[in-house]
>>> print(open('input_8.txt').read())   # compact mmCIF, N, CA and C atoms
# COMPACT_ATOMS: atom_id res chain seq x y z
N MET A 26 112.12 56.85 95.40
CA MET A 26 112.73 56.39 94.17
C MET A 26 113.51 57.51 93.48
N ALA A 27 112.90 58.69 93.36
CA ALA A 27 113.59 59.80 92.69
C ALA A 27 114.85 60.21 93.44
N LYS A 28 114.84 60.08 94.74
CA LYS A 28 116.03 60.41 95.53
C LYS A 28 117.19 59.49 95.15
N ALA A 29 116.89 58.23 94.93
CA ALA A 29 117.92 57.26 94.56
C ALA A 29 118.46 57.53 93.16
N LEU A 30 117.63 58.07 92.27
CA LEU A 30 118.09 58.35 90.91
C LEU A 30 119.26 59.32 90.90
N LEU A 31 119.20 60.33 91.75
CA LEU A 31 120.26 61.33 91.78
C LEU A 31 121.59 60.73 92.19
N SER A 32 121.58 59.87 93.18
CA SER A 32 122.84 59.31 93.66
C SER A 32 123.27 58.07 92.88
N ASN A 33 122.35 57.19 92.56
CA ASN A 33 122.71 55.94 91.89
C ASN A 33 123.07 56.12 90.42
N TRP A 34 122.46 57.06 89.75
CA TRP A 34 122.69 57.23 88.32
C TRP A 34 123.59 58.42 88.03
N ASN A 35 124.08 59.07 89.07
CA ASN A 35 124.96 60.23 88.91
C ASN A 35 124.33 61.29 88.00
N VAL A 36 123.05 61.56 88.23
CA VAL A 36 122.31 62.54 87.45
C VAL A 36 122.79 63.94 87.78
N ARG A 37 122.91 64.77 86.78
CA ARG A 37 123.30 66.17 86.98
C ARG A 37 122.11 67.05 86.66
N CYS A 38 121.67 67.80 87.63
CA CYS A 38 120.53 68.69 87.46
C CYS A 38 121.00 70.13 87.43
N ASP A 39 120.13 71.01 87.00
CA ASP A 39 120.43 72.43 86.94
C ASP A 39 120.86 72.95 88.31
N ASP A 40 121.99 73.67 88.34
CA ASP A 40 122.55 74.16 89.60
C ASP A 40 121.59 75.07 90.36
N SER A 41 120.86 75.94 89.64
CA SER A 41 119.95 76.86 90.34
C SER A 41 118.76 76.11 90.94
N CYS A 42 118.33 75.05 90.29
CA CYS A 42 117.25 74.22 90.83
C CYS A 42 117.73 73.50 92.09
N VAL A 43 118.91 72.91 92.01
CA VAL A 43 119.47 72.19 93.16
C VAL A 43 119.65 73.15 94.34
N ALA A 44 120.16 74.34 94.08
CA ALA A 44 120.35 75.32 95.15
C ALA A 44 119.01 75.71 95.78
N HIS A 45 117.98 75.82 94.96
CA HIS A 45 116.66 76.21 95.46
C HIS A 45 116.10 75.17 96.43
N TYR A 46 116.27 73.89 96.11
CA TYR A 46 115.69 72.82 96.93
C TYR A 46 116.65 72.25 97.98
N ALA A 47 117.90 72.69 97.99
CA ALA A 47 118.91 72.12 98.89
C ALA A 47 118.58 72.32 100.36
N ALA A 48 118.07 73.47 100.73
CA ALA A 48 117.79 73.76 102.15
C ALA A 48 116.81 72.75 102.74
N ALA A 49 115.88 72.29 101.93
CA ALA A 49 114.90 71.31 102.40
C ALA A 49 115.33 69.88 102.09
N ALA A 50 116.57 69.70 101.59
CA ALA A 50 117.10 68.39 101.20
C ALA A 50 116.17 67.72 100.19
N GLU A 51 115.68 68.52 99.24
CA GLU A 51 114.77 68.00 98.22
C GLU A 51 115.31 68.22 96.81
N GLU A 52 116.62 68.07 96.67
CA GLU A 52 117.25 68.24 95.37
C GLU A 52 116.69 67.27 94.33
N TRP A 53 116.18 66.14 94.79
CA TRP A 53 115.61 65.13 93.90
C TRP A 53 114.48 65.72 93.06
N ARG A 54 113.83 66.76 93.54
CA ARG A 54 112.73 67.37 92.78
C ARG A 54 113.21 67.85 91.40
N CYS A 55 114.46 68.23 91.31
CA CYS A 55 115.00 68.76 90.06
C CYS A 55 115.06 67.71 88.96
N PHE A 56 114.87 66.47 89.29
CA PHE A 56 114.82 65.38 88.32
C PHE A 56 113.47 65.34 87.60
N HIS A 57 112.46 65.99 88.18
CA HIS A 57 111.10 65.96 87.63
C HIS A 57 110.75 67.29 86.97
N SER A 58 110.19 67.20 85.79
CA SER A 58 109.91 68.40 85.01
C SER A 58 108.98 69.37 85.70
N GLN A 59 108.04 68.88 86.48
CA GLN A 59 107.11 69.80 87.11
C GLN A 59 107.79 70.71 88.13
N TYR A 60 109.01 70.36 88.53
CA TYR A 60 109.77 71.20 89.45
C TYR A 60 110.92 71.96 88.76
N CYS A 61 111.47 71.42 87.70
CA CYS A 61 112.68 72.02 87.13
C CYS A 61 112.43 73.01 86.00
N TYR A 62 111.28 72.96 85.33
CA TYR A 62 111.06 73.84 84.18
C TYR A 62 111.21 75.33 84.53
N SER A 63 110.84 75.70 85.72
CA SER A 63 110.92 77.13 86.08
C SER A 63 112.36 77.62 86.16
N PHE A 64 113.32 76.71 86.16
CA PHE A 64 114.73 77.09 86.22
C PHE A 64 115.41 77.09 84.86
N VAL A 65 114.70 76.69 83.83
CA VAL A 65 115.26 76.65 82.48
C VAL A 65 115.17 78.04 81.87
N ASP A 66 116.31 78.55 81.42
CA ASP A 66 116.33 79.90 80.86
C ASP A 66 116.83 79.93 79.41
N HIS A 67 116.74 78.82 78.72
CA HIS A 67 117.15 78.76 77.32
C HIS A 67 116.11 77.97 76.53
N PRO A 68 116.12 78.07 75.21
CA PRO A 68 115.13 77.35 74.41
C PRO A 68 115.19 75.84 74.70
N LEU A 69 114.03 75.24 74.76
CA LEU A 69 113.92 73.84 75.13
C LEU A 69 112.78 73.21 74.36
N PHE A 70 112.99 72.02 73.83
CA PHE A 70 111.88 71.22 73.31
C PHE A 70 111.70 70.05 74.24
N SER A 71 110.48 69.84 74.65
CA SER A 71 110.19 68.76 75.58
C SER A 71 109.01 67.94 75.10
N HIS A 72 109.14 66.65 75.23
CA HIS A 72 108.01 65.74 75.04
C HIS A 72 107.68 65.19 76.41
N GLU A 73 106.49 65.44 76.85
CA GLU A 73 106.02 64.94 78.14
C GLU A 73 104.64 64.33 77.93
N PHE A 74 104.24 63.53 78.86
CA PHE A 74 102.85 63.07 78.89
C PHE A 74 102.17 63.80 80.04
N GLN A 75 100.95 64.24 79.83
CA GLN A 75 100.26 65.02 80.85
C GLN A 75 100.11 64.24 82.16
N MET A 76 99.99 62.95 82.06
CA MET A 76 99.94 62.09 83.25
C MET A 76 101.09 61.11 83.15
N ASP A 77 102.29 61.59 83.41
CA ASP A 77 103.50 60.78 83.27
C ASP A 77 103.45 59.62 84.27
N SER A 78 103.46 58.41 83.75
CA SER A 78 103.30 57.23 84.60
C SER A 78 104.46 57.04 85.58
N ALA A 79 105.67 57.44 85.19
CA ALA A 79 106.80 57.31 86.12
C ALA A 79 106.63 58.26 87.31
N ASN A 80 106.25 59.51 87.03
CA ASN A 80 106.01 60.45 88.13
C ASN A 80 104.91 59.94 89.05
N LEU A 81 103.87 59.41 88.47
CA LEU A 81 102.76 58.88 89.28
C LEU A 81 103.23 57.68 90.11
N ASN A 82 104.00 56.79 89.49
CA ASN A 82 104.49 55.61 90.20
C ASN A 82 105.39 55.97 91.37
N TYR A 83 106.23 57.04 91.21
CA TYR A 83 107.09 57.48 92.31
C TYR A 83 106.26 57.84 93.54
N ASP A 84 105.03 58.30 93.28
CA ASP A 84 104.15 58.69 94.38
C ASP A 84 103.15 57.59 94.75
N GLY A 85 103.38 56.39 94.26
CA GLY A 85 102.53 55.26 94.63
C GLY A 85 101.21 55.19 93.90
N VAL A 86 101.09 55.90 92.79
CA VAL A 86 99.84 55.92 92.02
C VAL A 86 100.06 55.14 90.73
N SER A 87 99.22 54.14 90.49
CA SER A 87 99.35 53.37 89.26
C SER A 87 98.04 53.39 88.48
N TYR A 88 98.16 53.07 87.21
CA TYR A 88 97.01 53.05 86.31
C TYR A 88 96.56 51.62 86.15
N PRO A 89 95.27 51.30 86.13
CA PRO A 89 94.14 52.23 86.10
C PRO A 89 93.90 52.89 87.46
N PHE A 90 93.41 54.12 87.41
CA PHE A 90 93.17 54.88 88.62
C PHE A 90 91.87 54.45 89.28
N ASN A 91 91.79 54.69 90.57
CA ASN A 91 90.54 54.46 91.29
C ASN A 91 90.07 55.80 91.85
N GLN A 92 89.00 55.78 92.62
CA GLN A 92 88.43 57.03 93.13
C GLN A 92 89.39 57.79 94.05
N ASN A 93 90.35 57.07 94.63
CA ASN A 93 91.32 57.73 95.51
C ASN A 93 92.52 58.29 94.76
N THR A 94 92.90 57.64 93.66
CA THR A 94 94.10 58.05 92.95
C THR A 94 93.83 58.97 91.76
N LEU A 95 92.61 58.94 91.23
CA LEU A 95 92.29 59.79 90.08
C LEU A 95 92.51 61.28 90.38
N PRO A 96 92.08 61.81 91.53
CA PRO A 96 92.33 63.23 91.80
C PRO A 96 93.82 63.59 91.79
N PHE A 97 94.68 62.71 92.28
CA PHE A 97 96.12 62.96 92.27
C PHE A 97 96.63 63.04 90.84
N ALA A 98 96.19 62.10 89.99
CA ALA A 98 96.60 62.09 88.59
C ALA A 98 96.09 63.32 87.86
N GLU A 99 94.87 63.73 88.15
CA GLU A 99 94.32 64.93 87.52
C GLU A 99 95.09 66.18 87.96
N GLN A 100 95.55 66.20 89.20
CA GLN A 100 96.35 67.33 89.66
C GLN A 100 97.70 67.37 88.96
N LEU A 101 98.31 66.20 88.73
CA LEU A 101 99.57 66.17 87.97
C LEU A 101 99.33 66.71 86.57
N GLN A 102 98.22 66.34 85.95
CA GLN A 102 97.89 66.83 84.62
C GLN A 102 97.79 68.36 84.62
N LYS A 103 97.09 68.92 85.57
CA LYS A 103 96.96 70.38 85.67
C LYS A 103 98.33 71.03 85.90
N THR A 104 99.14 70.41 86.73
CA THR A 104 100.47 70.93 87.01
C THR A 104 101.32 70.93 85.75
N MET A 105 101.29 69.84 85.00
CA MET A 105 102.08 69.75 83.77
C MET A 105 101.66 70.82 82.77
N LEU A 106 100.37 71.06 82.67
CA LEU A 106 99.88 72.11 81.76
C LEU A 106 100.39 73.48 82.20
N ALA A 107 100.41 73.71 83.50
CA ALA A 107 100.84 75.02 84.02
C ALA A 107 102.35 75.22 83.88
N VAL A 108 103.15 74.22 84.26
CA VAL A 108 104.61 74.42 84.28
C VAL A 108 105.22 74.43 82.89
N THR A 109 104.52 73.95 81.90
CA THR A 109 105.05 73.95 80.54
C THR A 109 104.59 75.17 79.74
N ALA A 110 103.91 76.09 80.38
CA ALA A 110 103.36 77.27 79.68
C ALA A 110 104.44 78.09 78.97
N ASN A 111 105.65 78.13 79.50
CA ASN A 111 106.71 78.94 78.90
C ASN A 111 107.78 78.12 78.18
N VAL A 112 107.53 76.84 77.98
CA VAL A 112 108.48 75.99 77.25
C VAL A 112 108.30 76.28 75.76
N SER A 113 109.38 76.63 75.08
CA SER A 113 109.27 77.10 73.69
C SER A 113 108.89 76.02 72.70
N GLY A 114 109.30 74.79 72.94
CA GLY A 114 108.92 73.67 72.08
C GLY A 114 108.33 72.57 72.93
N LEU A 115 107.15 72.12 72.57
CA LEU A 115 106.46 71.19 73.46
C LEU A 115 105.54 70.25 72.70
N PHE A 116 105.56 68.99 73.10
CA PHE A 116 104.61 68.00 72.61
C PHE A 116 104.05 67.34 73.85
N LEU A 117 102.77 67.58 74.17
CA LEU A 117 102.20 67.19 75.46
C LEU A 117 100.85 66.48 75.28
N PRO A 118 100.88 65.19 74.89
CA PRO A 118 99.62 64.46 74.75
C PRO A 118 99.02 64.11 76.11
N SER A 119 97.71 64.00 76.12
CA SER A 119 97.00 63.66 77.34
C SER A 119 96.90 62.14 77.46
N CYS A 120 97.98 61.56 77.97
CA CYS A 120 98.07 60.10 78.10
C CYS A 120 98.74 59.74 79.42
N VAL A 121 98.50 58.51 79.85
CA VAL A 121 99.20 57.95 81.00
C VAL A 121 100.29 57.05 80.43
N ARG A 122 101.48 57.62 80.27
CA ARG A 122 102.64 56.91 79.73
C ARG A 122 103.89 57.58 80.24
N HIS A 123 105.03 56.98 79.90
CA HIS A 123 106.30 57.61 80.26
C HIS A 123 107.27 57.60 79.09
N GLU A 124 107.66 56.45 78.64
CA GLU A 124 108.71 56.35 77.64
C GLU A 124 108.19 56.70 76.25
N VAL A 125 109.06 57.34 75.48
CA VAL A 125 108.69 57.67 74.11
C VAL A 125 109.82 57.36 73.13
N GLU A 126 111.07 57.54 73.55
CA GLU A 126 112.18 57.42 72.62
C GLU A 126 112.35 56.03 72.04
N ASP A 127 112.11 55.01 72.84
CA ASP A 127 112.33 53.65 72.35
C ASP A 127 111.01 52.95 72.05
N SER A 128 110.02 53.71 71.69
CA SER A 128 108.72 53.10 71.39
C SER A 128 108.13 53.76 70.15
N ASP A 129 106.99 53.25 69.74
CA ASP A 129 106.31 53.81 68.58
C ASP A 129 105.69 55.17 68.90
N ALA A 130 105.69 55.56 70.15
CA ALA A 130 105.08 56.83 70.55
C ALA A 130 105.80 58.03 69.93
N PHE A 131 107.04 57.87 69.55
CA PHE A 131 107.80 59.00 69.01
C PHE A 131 107.14 59.57 67.76
N SER A 132 106.58 58.70 66.94
CA SER A 132 105.97 59.20 65.70
C SER A 132 104.49 58.84 65.56
N SER A 133 103.94 58.07 66.48
CA SER A 133 102.55 57.64 66.30
C SER A 133 101.53 58.49 67.06
N PHE A 134 101.98 59.33 67.96
CA PHE A 134 101.05 60.23 68.66
C PHE A 134 100.86 61.49 67.84
N TYR A 135 99.63 61.92 67.70
CA TYR A 135 99.32 63.13 66.95
C TYR A 135 98.52 64.09 67.83
N ILE A 136 98.83 65.36 67.70
CA ILE A 136 98.02 66.42 68.31
C ILE A 136 97.78 67.44 67.20
N ASP A 137 96.53 67.68 66.91
CA ASP A 137 96.16 68.62 65.83
C ASP A 137 96.85 68.28 64.52
N GLY A 138 96.95 66.99 64.21
CA GLY A 138 97.51 66.54 62.94
C GLY A 138 99.03 66.54 62.86
N VAL A 139 99.72 66.83 63.97
CA VAL A 139 101.18 66.87 63.99
C VAL A 139 101.71 65.81 64.96
N ASN A 140 102.71 65.04 64.53
CA ASN A 140 103.30 64.07 65.46
C ASN A 140 104.55 64.66 66.11
N ASN A 141 105.08 63.95 67.08
CA ASN A 141 106.22 64.43 67.85
C ASN A 141 107.44 64.70 66.95
N ALA A 142 107.71 63.80 66.03
CA ALA A 142 108.87 63.97 65.15
C ALA A 142 108.75 65.25 64.33
N ALA A 143 107.58 65.51 63.78
CA ALA A 143 107.37 66.74 62.98
C ALA A 143 107.46 67.98 63.86
N ALA A 144 106.94 67.89 65.08
CA ALA A 144 106.99 69.03 66.01
C ALA A 144 108.44 69.39 66.35
N ILE A 145 109.26 68.37 66.60
CA ILE A 145 110.68 68.63 66.88
C ILE A 145 111.35 69.25 65.66
N GLY A 146 111.03 68.74 64.48
CA GLY A 146 111.59 69.30 63.25
C GLY A 146 111.22 70.75 63.06
N GLN A 147 109.95 71.09 63.30
CA GLN A 147 109.52 72.49 63.19
C GLN A 147 110.33 73.37 64.13
N TRP A 148 110.49 72.91 65.34
CA TRP A 148 111.16 73.70 66.38
C TRP A 148 112.66 73.82 66.08
N PHE A 149 113.31 72.69 65.78
CA PHE A 149 114.77 72.68 65.63
C PHE A 149 115.24 73.23 64.29
N PHE A 150 114.65 72.72 63.21
CA PHE A 150 115.15 73.07 61.88
C PHE A 150 114.53 74.34 61.30
N GLU A 151 113.27 74.62 61.67
CA GLU A 151 112.59 75.77 61.10
C GLU A 151 112.51 76.96 62.05
N GLY A 152 112.89 76.76 63.30
CA GLY A 152 112.85 77.85 64.27
C GLY A 152 111.45 78.28 64.66
N VAL A 153 110.50 77.37 64.51
CA VAL A 153 109.11 77.67 64.83
C VAL A 153 108.85 77.33 66.30
N ALA A 154 108.18 78.20 67.00
CA ALA A 154 107.78 77.91 68.39
C ALA A 154 106.69 76.84 68.32
N SER A 155 107.12 75.61 68.27
CA SER A 155 106.25 74.46 68.03
C SER A 155 105.69 73.92 69.35
N ARG A 156 104.45 74.29 69.64
CA ARG A 156 103.81 73.86 70.88
C ARG A 156 102.54 73.10 70.53
N HIS A 157 102.52 71.83 70.88
CA HIS A 157 101.36 70.98 70.59
C HIS A 157 100.92 70.35 71.90
N VAL A 158 99.76 70.78 72.36
CA VAL A 158 99.24 70.37 73.67
C VAL A 158 97.82 69.85 73.49
N ASP A 159 97.58 68.61 73.94
CA ASP A 159 96.22 68.09 73.89
C ASP A 159 95.31 68.95 74.75
N SER A 160 94.16 69.29 74.21
CA SER A 160 93.19 70.06 74.97
C SER A 160 91.99 69.22 75.36
N CYS A 161 92.00 67.94 75.01
CA CYS A 161 90.89 67.07 75.37
C CYS A 161 90.89 66.83 76.88
N ALA A 162 89.76 66.53 77.42
CA ALA A 162 89.63 66.35 78.86
C ALA A 162 89.55 64.86 79.20
N GLY A 163 90.24 64.48 80.27
CA GLY A 163 90.13 63.11 80.74
C GLY A 163 91.41 62.32 80.61
N VAL A 164 91.36 61.13 81.15
CA VAL A 164 92.49 60.21 81.15
C VAL A 164 92.60 59.55 79.79
N ASN A 165 93.80 59.55 79.22
CA ASN A 165 94.05 58.91 77.93
C ASN A 165 93.08 59.35 76.84
N CYS A 166 92.80 60.65 76.78
CA CYS A 166 91.82 61.12 75.80
C CYS A 166 92.41 61.29 74.39
N ASN A 167 93.73 61.29 74.25
CA ASN A 167 94.35 61.27 72.94
C ASN A 167 94.09 59.89 72.35
N LYS A 168 93.55 59.82 71.16
CA LYS A 168 93.13 58.52 70.59
C LYS A 168 94.30 57.56 70.40
N ASN A 169 95.55 58.06 70.44
CA ASN A 169 96.71 57.19 70.29
C ASN A 169 97.22 56.60 71.60
N CYS A 170 96.60 56.98 72.70
CA CYS A 170 97.05 56.45 74.00
C CYS A 170 96.85 54.97 74.04
>>> encode(input="input_8.txt", output="structure tokens")
Amino acid sequence: MAKALLSNWNVRCDDSCVAHYAAAAEEWRCFHSQYCYSFVDHPLFSHEFQMDSANLNYDGVSYPFNQNTLPFAEQLQKTMLAVTANVSGLFLPSCVRHEVEDSDAFSSFYIDGVNNAAAIGQWFFEGVASRHVDSCAGVNCNKNC
């Protein structure tokens, strides 16, 4: 599915990321944050879900998880926590979801008393390194999931 996104939607990814994965014909990886963040060299604010449902679906994993798929989802969660370590602005709730812009998730999710809209405002308008990451353990442990 991700391979089709690059060609069908005319997606433009970071040139250094594409060059890195080109030899293995895996440029599609640059469409996914867990692969592209290491190529970002400028300030960035990102809203991600620790268990992004679209990323999981691309790999054939759907929610609710079973004993075979839960370890894969937990590994994605660990990966998301690791690859976002150097992202200057971040809102990373521990939920199984994907979309946020066209839903109530933009302002209804809270981490440590701060919602996504306020976190973006802190980062963009106030110049604060606004990083809000759920530290709760488990699937959908943010009470707003």
>>> residues_around(input="input_8.txt", residues="stretch 102-113 of chain A", least_positions_apart="6", cutoff="7 Å", atoms="only C-alpha atoms", output="list of chain:residue names")
A:Gln59, A:Tyr62, A:Pro68, A:Leu69, A:Phe70, A:Gln75, A:Met76, A:Ala154, A:Ser155, A:Arg156
>>> select_by_dssp(input="input_8.txt", residues="stretch 49-166 of chain A", states="alpha helix (DSSP H)", output="number ranges by chain")
A: 58-61, 78-83, 95-108, 130-133, 141-150
>>> select_by_dssp(input="input_8.txt", residues="chain A", states="strand (DSSP E or B)", output="JSON, numbers by chain")
{"A": [70, 71, 72, 76, 77, 114, 115, 116, 117, 121, 122, 135, 136, 139, 140, 156, 157, 158]}
>>> atom_distance(input="input_8.txt", atom1="atom C of A:Gly138", atom2="atom CA of A:His157")
9.2 Å
>>> atom_distance(input="input_8.txt", atom1="atom CA of A:Tyr88", atom2="atom N of A:Val164")
11.1 Å
>>> atom_distance(input="input_8.txt", atom1="atom CA of A:Cys161", atom2="atom CA of A:Phe149")
26.4 Å
>>> axis_aligned_box(input="input_8.txt", around="stretch 48-64 of chain A", padding_each_side="3 Å", output="AutoDock Vina command-line options")
--center_x 112.6 --center_y 71.4 --center_z 93.5 --size_x 17.0 --size_y 18.5 --size_z 24.6
>>> residues_around(input="input_8.txt", residues="A:Ile136", least_positions_apart="4", cutoff="8 Å", atoms="only C-alpha atoms", output="ChimeraX atom specification")
/A:118,140,157-159,167
